[in-house]
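File shown: target.pdb (PDB, C-alpha atoms, pLDDT in the B column).
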ATOM      1  CA  GLN A   1     -11.688   0.586  14.261  1.00 84.00           C
ATOM      2  CA  VAL A   2     -10.032  -1.175  11.336  1.00 93.00           C
ATOM      3  CA  GLN A   3      -7.652  -4.107  11.515  1.00 96.00           C
ATOM      4  CA  LEU A   4      -5.295  -4.624   8.586  1.00 97.00           C
ATOM      5  CA  VAL A   5      -3.364  -7.768   7.690  1.00 98.00           C
ATOM      6  CA  GLU A   6      -0.865  -7.809   4.830  1.00 98.00           C
ATOM      7  CA  SER A   7       0.206 -10.899   2.917  1.00 98.00           C
ATOM      8  CA  GLY A   8       2.041 -11.862  -0.243  1.00 98.00           C
ATOM      9  CA  GLY A   9       5.578 -10.818   0.537  1.00 97.00           C
ATOM     10  CA  GLY A  10       8.581 -13.006  -0.048  1.00 97.00           C
ATOM     11  CA  LEU A  11      12.085 -13.441  -1.446  1.00 98.00           C
ATOM     12  CA  VAL A  12      12.247 -13.010  -5.219  1.00 97.00           C
ATOM     13  CA  GLN A  13      14.763 -12.275  -7.927  1.00 98.00           C
ATOM     14  CA  ALA A  14      14.973  -8.961  -9.679  1.00 98.00           C
ATOM     15  CA  GLY A  15      12.599  -8.581 -12.581  1.00 98.00           C
ATOM     16  CA  VAL A  16       9.784 -10.746 -11.317  1.00 98.00           C
ATOM     17  CA  SER A  17       6.376  -9.741  -9.987  1.00 98.00           C
ATOM     18  CA  LEU A  18       4.628  -9.997  -6.642  1.00 98.00           C
ATOM     19  CA  ARG A  19       1.148  -9.066  -5.523  1.00 98.00           C
ATOM     20  CA  LEU A  20       0.610  -7.904  -1.989  1.00 98.00           C
ATOM     21  CA  SER A  21      -2.795  -8.084  -0.376  1.00 98.00           C
ATOM     22  CA  CYS A  22      -4.150  -6.261   2.626  1.00 98.00           C
ATOM     23  CA  ALA A  23      -7.318  -7.608   4.200  1.00 98.00           C
ATOM     24  CA  ALA A  24      -9.321  -5.259   6.357  1.00 97.00           C
ATOM     25  CA  SER A  25     -11.752  -6.162   9.083  1.00 94.00           C
ATOM     26  CA  GLY A  26     -13.922  -3.920  11.117  1.00 79.00           C
ATOM     27  CA  ARG A  27     -16.210  -1.194  10.049  1.00 73.00           C
ATOM     28  CA  SER A  28     -16.812   0.464   6.717  1.00 91.00           C
ATOM     29  CA  PHE A  29     -13.777  -0.389   4.615  1.00 95.00           C
ATOM     30  CA  SER A  30     -15.211   1.736   1.816  1.00 95.00           C
ATOM     31  CA  SER A  31     -15.034   4.789   4.095  1.00 95.00           C
ATOM     32  CA  TYR A  32     -11.248   4.743   4.025  1.00 97.00           C
ATOM     33  CA  ALA A  33      -8.661   5.854   1.569  1.00 98.00           C
ATOM     34  CA  MET A  34      -5.939   3.223   1.509  1.00 98.00           C
ATOM     35  CA  GLY A  35      -2.226   3.434   1.103  1.00 98.00           C
ATOM     36  CA  TRP A  36       0.906   1.345   0.836  1.00 98.00           C
ATOM     37  CA  PHE A  37       4.155   2.430   2.445  1.00 98.00           C
ATOM     38  CA  ARG A  38       7.513   0.728   2.817  1.00 98.00           C
ATOM     39  CA  GLN A  39      10.450   0.906   5.140  1.00 98.00           C
ATOM     40  CA  ALA A  40      13.919  -0.366   4.377  1.00 97.00           C
ATOM     41  CA  PRO A  41      16.483  -1.030   7.132  1.00 93.00           C
ATOM     42  CA  GLY A  42      17.903   2.203   8.487  1.00 95.00           C
ATOM     43  CA  LYS A  43      15.501   4.351   6.476  1.00 97.00           C
ATOM     44  CA  GLU A  44      12.296   6.195   7.199  1.00 97.00           C
ATOM     45  CA  ARG A  45       8.945   4.837   6.158  1.00 98.00           C
ATOM     46  CA  GLU A  46       8.126   6.109   2.681  1.00 98.00           C
ATOM     47  CA  PHE A  47       5.005   6.484   0.603  1.00 98.00           C
ATOM     48  CA  VAL A  48       4.477   3.983  -2.201  1.00 98.00           C
ATOM     49  CA  ALA A  49       0.888   4.268  -3.437  1.00 98.00           C
ATOM     50  CA  THR A  50      -2.557   5.465  -2.450  1.00 98.00           C
ATOM     51  CA  ILE A  51      -6.088   4.851  -3.650  1.00 98.00           C
ATOM     52  CA  SER A  52      -9.300   6.696  -2.902  1.00 98.00           C
ATOM     53  CA  ARG A  53     -12.424   5.217  -1.396  1.00 97.00           C
ATOM     54  CA  SER A  54     -14.004   4.704  -4.783  1.00 95.00           C
ATOM     55  CA  GLY A  55     -10.830   3.526  -6.482  1.00 96.00           C
ATOM     56  CA  GLY A  56     -11.176   6.351  -8.954  1.00 96.00           C
ATOM     57  CA  ASN A  57      -8.140   8.298  -7.808  1.00 98.00           C
ATOM     58  CA  ARG A  58      -4.659   6.912  -7.321  1.00 98.00           C
ATOM     59  CA  ASN A  59      -1.153   8.211  -6.924  1.00 98.00           C
ATOM     60  CA  TYR A  60       2.288   6.674  -6.789  1.00 98.00           C
ATOM     61  CA  ALA A  61       5.771   7.493  -5.662  1.00 98.00           C
ATOM     62  CA  ASP A  62       8.003   8.367  -8.599  1.00 98.00           C
ATOM     63  CA  SER A  63      10.233   5.398  -7.784  1.00 98.00           C
ATOM     64  CA  VAL A  64       7.436   2.901  -8.487  1.00 98.00           C
ATOM     65  CA  LYS A  65       5.364   4.709 -11.097  1.00 98.00           C
ATOM     66  CA  GLY A  66       4.825   2.508 -14.124  1.00 98.00           C
ATOM     67  CA  ARG A  67       5.823  -0.654 -12.241  1.00 98.00           C
ATOM     68  CA  PHE A  68       3.375  -0.841  -9.324  1.00 98.00           C
ATOM     69  CA  THR A  69      -0.416  -0.735  -9.405  1.00 98.00           C
ATOM     70  CA  ILE A  70      -2.686  -0.235  -6.431  1.00 98.00           C
ATOM     71  CA  SER A  71      -6.259  -1.476  -6.533  1.00 98.00           C
ATOM     72  CA  ARG A  72      -9.057  -2.287  -4.139  1.00 98.00           C
ATOM     73  CA  ASP A  73     -12.088  -4.516  -3.932  1.00 97.00           C
ATOM     74  CA  ASN A  74     -14.575  -2.978  -1.536  1.00 96.00           C
ATOM     75  CA  ALA A  75     -16.768  -6.077  -1.668  1.00 94.00           C
ATOM     76  CA  LYS A  76     -13.844  -8.123  -0.343  1.00 96.00           C
ATOM     77  CA  ASN A  77     -12.484  -5.453   2.021  1.00 97.00           C
ATOM     78  CA  THR A  78      -9.093  -5.843   0.384  1.00 98.00           C
ATOM     79  CA  VAL A  79      -6.502  -3.578  -1.163  1.00 98.00           C
ATOM     80  CA  TYR A  80      -3.775  -4.877  -3.453  1.00 98.00           C
ATOM     81  CA  LEU A  81      -0.374  -3.791  -4.627  1.00 98.00           C
ATOM     82  CA  GLN A  82       0.748  -5.390  -7.864  1.00 98.00           C
ATOM     83  CA  MET A  83       4.500  -5.018  -8.133  1.00 98.00           C
ATOM     84  CA  ASN A  84       6.144  -5.701 -11.490  1.00 98.00           C
ATOM     85  CA  SER A  85       9.762  -5.504 -12.616  1.00 98.00           C
ATOM     86  CA  LEU A  86      10.982  -5.626  -9.043  1.00 98.00           C
ATOM     87  CA  LYS A  87      14.390  -4.169  -8.250  1.00 98.00           C
ATOM     88  CA  PRO A  88      16.743  -4.775  -5.310  1.00 97.00           C
ATOM     89  CA  GLU A  89      15.987  -1.248  -4.110  1.00 97.00           C
ATOM     90  CA  ASP A  90      12.356  -2.296  -3.618  1.00 98.00           C
ATOM     91  CA  THR A  91      13.492  -4.455  -0.707  1.00 98.00           C
ATOM     92  CA  ALA A  92      11.613  -3.335   2.392  1.00 98.00           C
ATOM     93  CA  VAL A  93       8.833  -4.137   4.801  1.00 98.00           C
ATOM     94  CA  TYR A  94       5.597  -3.111   3.123  1.00 98.00           C
ATOM     95  CA  TYR A  95       2.736  -1.711   5.184  1.00 98.00           C
ATOM     96  CA  CYS A  96      -0.828  -0.982   4.249  1.00 98.00           C
ATOM     97  CA  ALA A  97      -2.707   1.812   5.947  1.00 98.00           C
ATOM     98  CA  ALA A  98      -6.242   3.158   6.183  1.00 98.00           C
ATOM     99  CA  GLY A  99      -7.252   6.791   6.535  1.00 97.00           C
ATOM    100  CA  ALA A 100     -10.801   8.041   7.002  1.00 96.00           C
ATOM    101  CA  ALA A 101     -11.891  10.205   4.086  1.00 96.00           C
ATOM    102  CA  SER A 102     -15.093  12.142   3.681  1.00 94.00           C
ATOM    103  CA  ASN A 103     -14.709  12.459  -0.073  1.00 95.00           C
ATOM    104  CA  ILE A 104     -14.707   9.401  -2.318  1.00 95.00           C
ATOM    105  CA  MET A 105     -11.831  10.825  -4.380  1.00 95.00           C
ATOM    106  CA  THR A 106      -9.527  11.855  -1.537  1.00 96.00           C
ATOM    107  CA  ILE A 107      -6.065  10.307  -1.413  1.00 97.00           C
ATOM    108  CA  PHE A 108      -3.346  10.630   1.211  1.00 97.00           C
ATOM    109  CA  GLN A 109       0.435  10.500   0.887  1.00 98.00           C
ATOM    110  CA  ARG A 110       1.597  11.323   4.423  1.00 98.00           C
ATOM    111  CA  THR A 111       1.914   8.795   7.234  1.00 98.00           C
ATOM    112  CA  TYR A 112       0.103  11.080   9.691  1.00 98.00           C
ATOM    113  CA  GLN A 113      -2.989  11.000   7.472  1.00 98.00           C
ATOM    114  CA  TYR A 114      -3.476   7.313   8.151  1.00 98.00           C
ATOM    115  CA  ALA A 115      -4.925   6.199  11.469  1.00 97.00           C
ATOM    116  CA  TYR A 116      -4.657   2.444  11.010  1.00 97.00           C
ATOM    117  CA  TRP A 117      -1.676   0.329  10.008  1.00 98.00           C
ATOM    118  CA  GLY A 118      -0.962  -3.303   9.373  1.00 98.00           C
ATOM    119  CA  GLN A 119       1.996  -5.233  10.776  1.00 98.00           C
ATOM    120  CA  GLY A 120       3.820  -5.308   7.478  1.00 98.00           C
ATOM    121  CA  THR A 121       5.070  -7.954   5.082  1.00 98.00           C
ATOM    122  CA  GLN A 122       8.702  -8.388   4.043  1.00 98.00           C
ATOM    123  CA  VAL A 123       9.663  -8.101   0.388  1.00 98.00           C
ATOM    124  CA  THR A 124      13.242  -8.995  -0.488  1.00 98.00           C
ATOM    125  CA  VAL A 125      14.494  -8.654  -4.047  1.00 98.00           C
ATOM    126  CA  SER A 126      17.822 -10.248  -4.892  1.00 97.00           C
ATOM    127  CA  SER A 127      19.970  -9.151  -7.798  1.00 93.00           C
TER     128      SER A 127
END

Write the structure described by the file as structure tokens, please.
Amino acid sequence: QVQLVESGGGLVQAGVSLRLSCAASGRSFSSYAMGWFRQAPGKEREFVATISRSGGNRNYADSVKGRFTISRDNAKNTVYLQMNSLKPEDTAVYYCAAGAASNIMTIFQRTYQYAYWGQGTQVTVSS
């Protein structure tokens, strides 16, 4: 069992940066590939970024590539999402998720691949 708690969201103006954090408690954080997803009002939850157990493999949605960076610190049981050059269309509730992975380079992009989810943190970007 893994419990996930996101933090770092807020109301910001377009163009600035935010860093989201997701603290994990429970067993074997390093056994899980981690992901960030977001959900805007009236829309489905969408993939944002994923990172493998080792941190050596990452992938991003095209909409955030070059602006967002996912990272993890296995010693601190934490995954981060650095968001730069924020746009109003980035406004959403951001969720982190954990998916068990047998391979240290495995990454996941589908919601069904993640067994554990946080409660989410709101990010609002004004124009």

- prompt: Can you list what the PyMOL selection byres ((chain A and resi 20-22) around 12) grabs from this structure, as an NGL selection string?
  reply: :A and (2-10 or 17-19 or 23-25 or 29 or 34-37 or 68-74 or 76-84 or 93-98 or 117-123)

Residue nearest Phe108 (chain A) among A:Ala75, A:Ser52, A:Thr91, A:Gly66 (counting only C-alpha atoms): A:Ser52

message: When you look at Asn57 (chain A) with a cut-off of 9 Å (counting only C-alpha atoms), what residues show up, excluding the ones that are within fewer than 4 positions of it in the same chain? I need them as a PyMOL selection string.
response: chain A and resi 50-53+104-107

task: Tell me, in Å to one decimal, how far CA of Gly15 (chain A) is from CA of Arg45 (chain A).
output: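 About the pair CA of Gly15 (chain A) and CA of Arg45 (chain A): they are 23.3 Å apart.
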
Residue list as a CSV table (one decimal) with C-alpha atoms, in the frame of the given file for point (-12.5, 7.0, 3.5), cut-off 7 Å, all atoms listed in the file:
chain,number,residue,atom,x,y,z
A,30,SER,CA,-15.2,1.7,1.8
A,31,SER,CA,-15.0,4.8,4.1
A,32,TYR,CA,-11.2,4.7,4.0
A,33,ALA,CA,-8.7,5.9,1.6
A,53,ARG,CA,-12.4,5.2,-1.4
A,99,GLY,CA,-7.3,6.8,6.5
A,100,ALA,CA,-10.8,8.0,7.0
A,101,ALA,CA,-11.9,10.2,4.1
A,102,SER,CA,-15.1,12.1,3.7
A,103,ASN,CA,-14.7,12.5,-0.1
A,104,ILE,CA,-14.7,9.4,-2.3

Keeping N, CA and C atoms (and nothing else), can you write region 52-81 of chain A of this structure as an mmCIF file, in the first residue's frame?
data_model
loop_
_atom_site.group_PDB
_atom_site.id
_atom_site.type_symbol
_atom_site.label_atom_id
_atom_site.label_comp_id
_atom_site.auth_asym_id
_atom_site.auth_seq_id
_atom_site.Cartn_x
_atom_site.Cartn_y
_atom_site.Cartn_z
ATOM 1 N N SER A 52 10.527 6.470 -14.404
ATOM 2 C CA SER A 52 10.747 5.086 -14.008
ATOM 3 C C SER A 52 11.272 4.992 -12.578
ATOM 4 N N ARG A 53 11.343 3.792 -12.094
ATOM 5 C CA ARG A 53 11.805 3.546 -10.733
ATOM 6 C C ARG A 53 13.179 4.147 -10.475
ATOM 7 N N SER A 54 14.039 4.006 -11.438
ATOM 8 C CA SER A 54 15.418 4.484 -11.277
ATOM 9 C C SER A 54 15.566 5.971 -11.590
ATOM 10 N N GLY A 55 14.564 6.538 -12.235
ATOM 11 C CA GLY A 55 14.683 7.916 -12.704
ATOM 12 C C GLY A 55 15.366 8.033 -14.054
ATOM 13 N N GLY A 56 15.781 6.904 -14.599
ATOM 14 C CA GLY A 56 16.533 6.941 -15.841
ATOM 15 C C GLY A 56 15.698 6.991 -17.099
ATOM 16 N N ASN A 57 14.405 6.851 -16.973
ATOM 17 C CA ASN A 57 13.515 6.919 -18.126
ATOM 18 C C ASN A 57 12.343 7.819 -17.784
ATOM 19 N N ARG A 58 12.036 8.721 -18.693
ATOM 20 C CA ARG A 58 10.964 9.683 -18.473
ATOM 21 C C ARG A 58 10.229 9.906 -19.783
ATOM 22 N N ASN A 59 8.995 10.341 -19.669
ATOM 23 C CA ASN A 59 8.248 10.710 -20.862
ATOM 24 C C ASN A 59 7.236 11.786 -20.496
ATOM 25 N N TYR A 60 6.870 12.575 -21.488
ATOM 26 C CA TYR A 60 5.997 13.710 -21.250
ATOM 27 C C TYR A 60 4.909 13.780 -22.310
ATOM 28 N N ALA A 61 3.802 14.375 -21.928
ATOM 29 C CA ALA A 61 2.789 14.713 -22.917
ATOM 30 C C ALA A 61 3.351 15.797 -23.833
ATOM 31 N N ASP A 62 2.936 15.782 -25.079
ATOM 32 C CA ASP A 62 3.438 16.777 -26.031
ATOM 33 C C ASP A 62 3.137 18.193 -25.567
ATOM 34 N N SER A 63 2.019 18.367 -24.876
ATOM 35 C CA SER A 63 1.593 19.710 -24.467
ATOM 36 C C SER A 63 2.510 20.328 -23.410
ATOM 37 N N VAL A 64 3.304 19.503 -22.728
ATOM 38 C CA VAL A 64 4.165 20.042 -21.669
ATOM 39 C C VAL A 64 5.644 19.818 -21.950
ATOM 40 N N LYS A 65 5.944 19.103 -23.014
ATOM 41 C CA LYS A 65 7.338 18.788 -23.323
ATOM 42 C C LYS A 65 8.136 20.077 -23.509
ATOM 43 N N GLY A 66 9.285 20.123 -22.852
ATOM 44 C CA GLY A 66 10.130 21.307 -22.924
ATOM 45 C C GLY A 66 9.826 22.344 -21.858
ATOM 46 N N ARG A 67 8.676 22.206 -21.187
ATOM 47 C CA ARG A 67 8.317 23.158 -20.126
ATOM 48 C C ARG A 67 8.283 22.495 -18.746
ATOM 49 N N PHE A 68 7.893 21.241 -18.705
ATOM 50 C CA PHE A 68 7.772 20.518 -17.431
ATOM 51 C C PHE A 68 8.887 19.491 -17.304
ATOM 52 N N THR A 69 9.320 19.262 -16.075
ATOM 53 C CA THR A 69 10.327 18.241 -15.795
ATOM 54 C C THR A 69 9.888 17.425 -14.592
ATOM 55 N N ILE A 70 9.870 16.119 -14.761
ATOM 56 C CA ILE A 70 9.567 15.221 -13.662
ATOM 57 C C ILE A 70 10.872 14.674 -13.101
ATOM 58 N N SER A 71 10.922 14.546 -11.786
ATOM 59 C CA SER A 71 12.102 13.983 -11.141
ATOM 60 C C SER A 71 11.657 13.266 -9.871
ATOM 61 N N ARG A 72 12.559 12.498 -9.313
ATOM 62 C CA ARG A 72 12.228 11.789 -8.078
ATOM 63 C C ARG A 72 13.464 11.702 -7.207
ATOM 64 N N ASP A 73 13.201 11.601 -5.910
ATOM 65 C CA ASP A 73 14.253 11.391 -4.926
ATOM 66 C C ASP A 73 13.837 10.185 -4.108
ATOM 67 N N ASN A 74 14.407 9.040 -4.419
ATOM 68 C CA ASN A 74 13.985 7.811 -3.743
ATOM 69 C C ASN A 74 14.361 7.806 -2.266
ATOM 70 N N ALA A 75 15.397 8.557 -1.914
ATOM 71 C CA ALA A 75 15.780 8.643 -0.500
ATOM 72 C C ALA A 75 14.740 9.415 0.306
ATOM 73 N N LYS A 76 14.037 10.328 -0.366
ATOM 74 C CA LYS A 76 13.022 11.140 0.309
ATOM 75 C C LYS A 76 11.604 10.681 0.002
ATOM 76 N N ASN A 77 11.474 9.609 -0.770
ATOM 77 C CA ASN A 77 10.146 9.093 -1.142
ATOM 78 C C ASN A 77 9.271 10.180 -1.768
ATOM 79 N N THR A 78 9.861 10.945 -2.652
ATOM 80 C CA THR A 78 9.159 12.099 -3.221
ATOM 81 C C THR A 78 9.387 12.168 -4.723
ATOM 82 N N VAL A 79 8.336 12.527 -5.423
ATOM 83 C CA VAL A 79 8.422 12.817 -6.850
ATOM 84 C C VAL A 79 7.999 14.267 -7.058
ATOM 85 N N TYR A 80 8.645 14.907 -8.025
ATOM 86 C CA TYR A 80 8.433 16.332 -8.269
ATOM 87 C C TYR A 80 7.974 16.572 -9.703
ATOM 88 N N LEU A 81 7.300 17.677 -9.880
ATOM 89 C CA LEU A 81 6.977 18.149 -11.219
ATOM 90 C C LEU A 81 7.310 19.629 -11.267
#
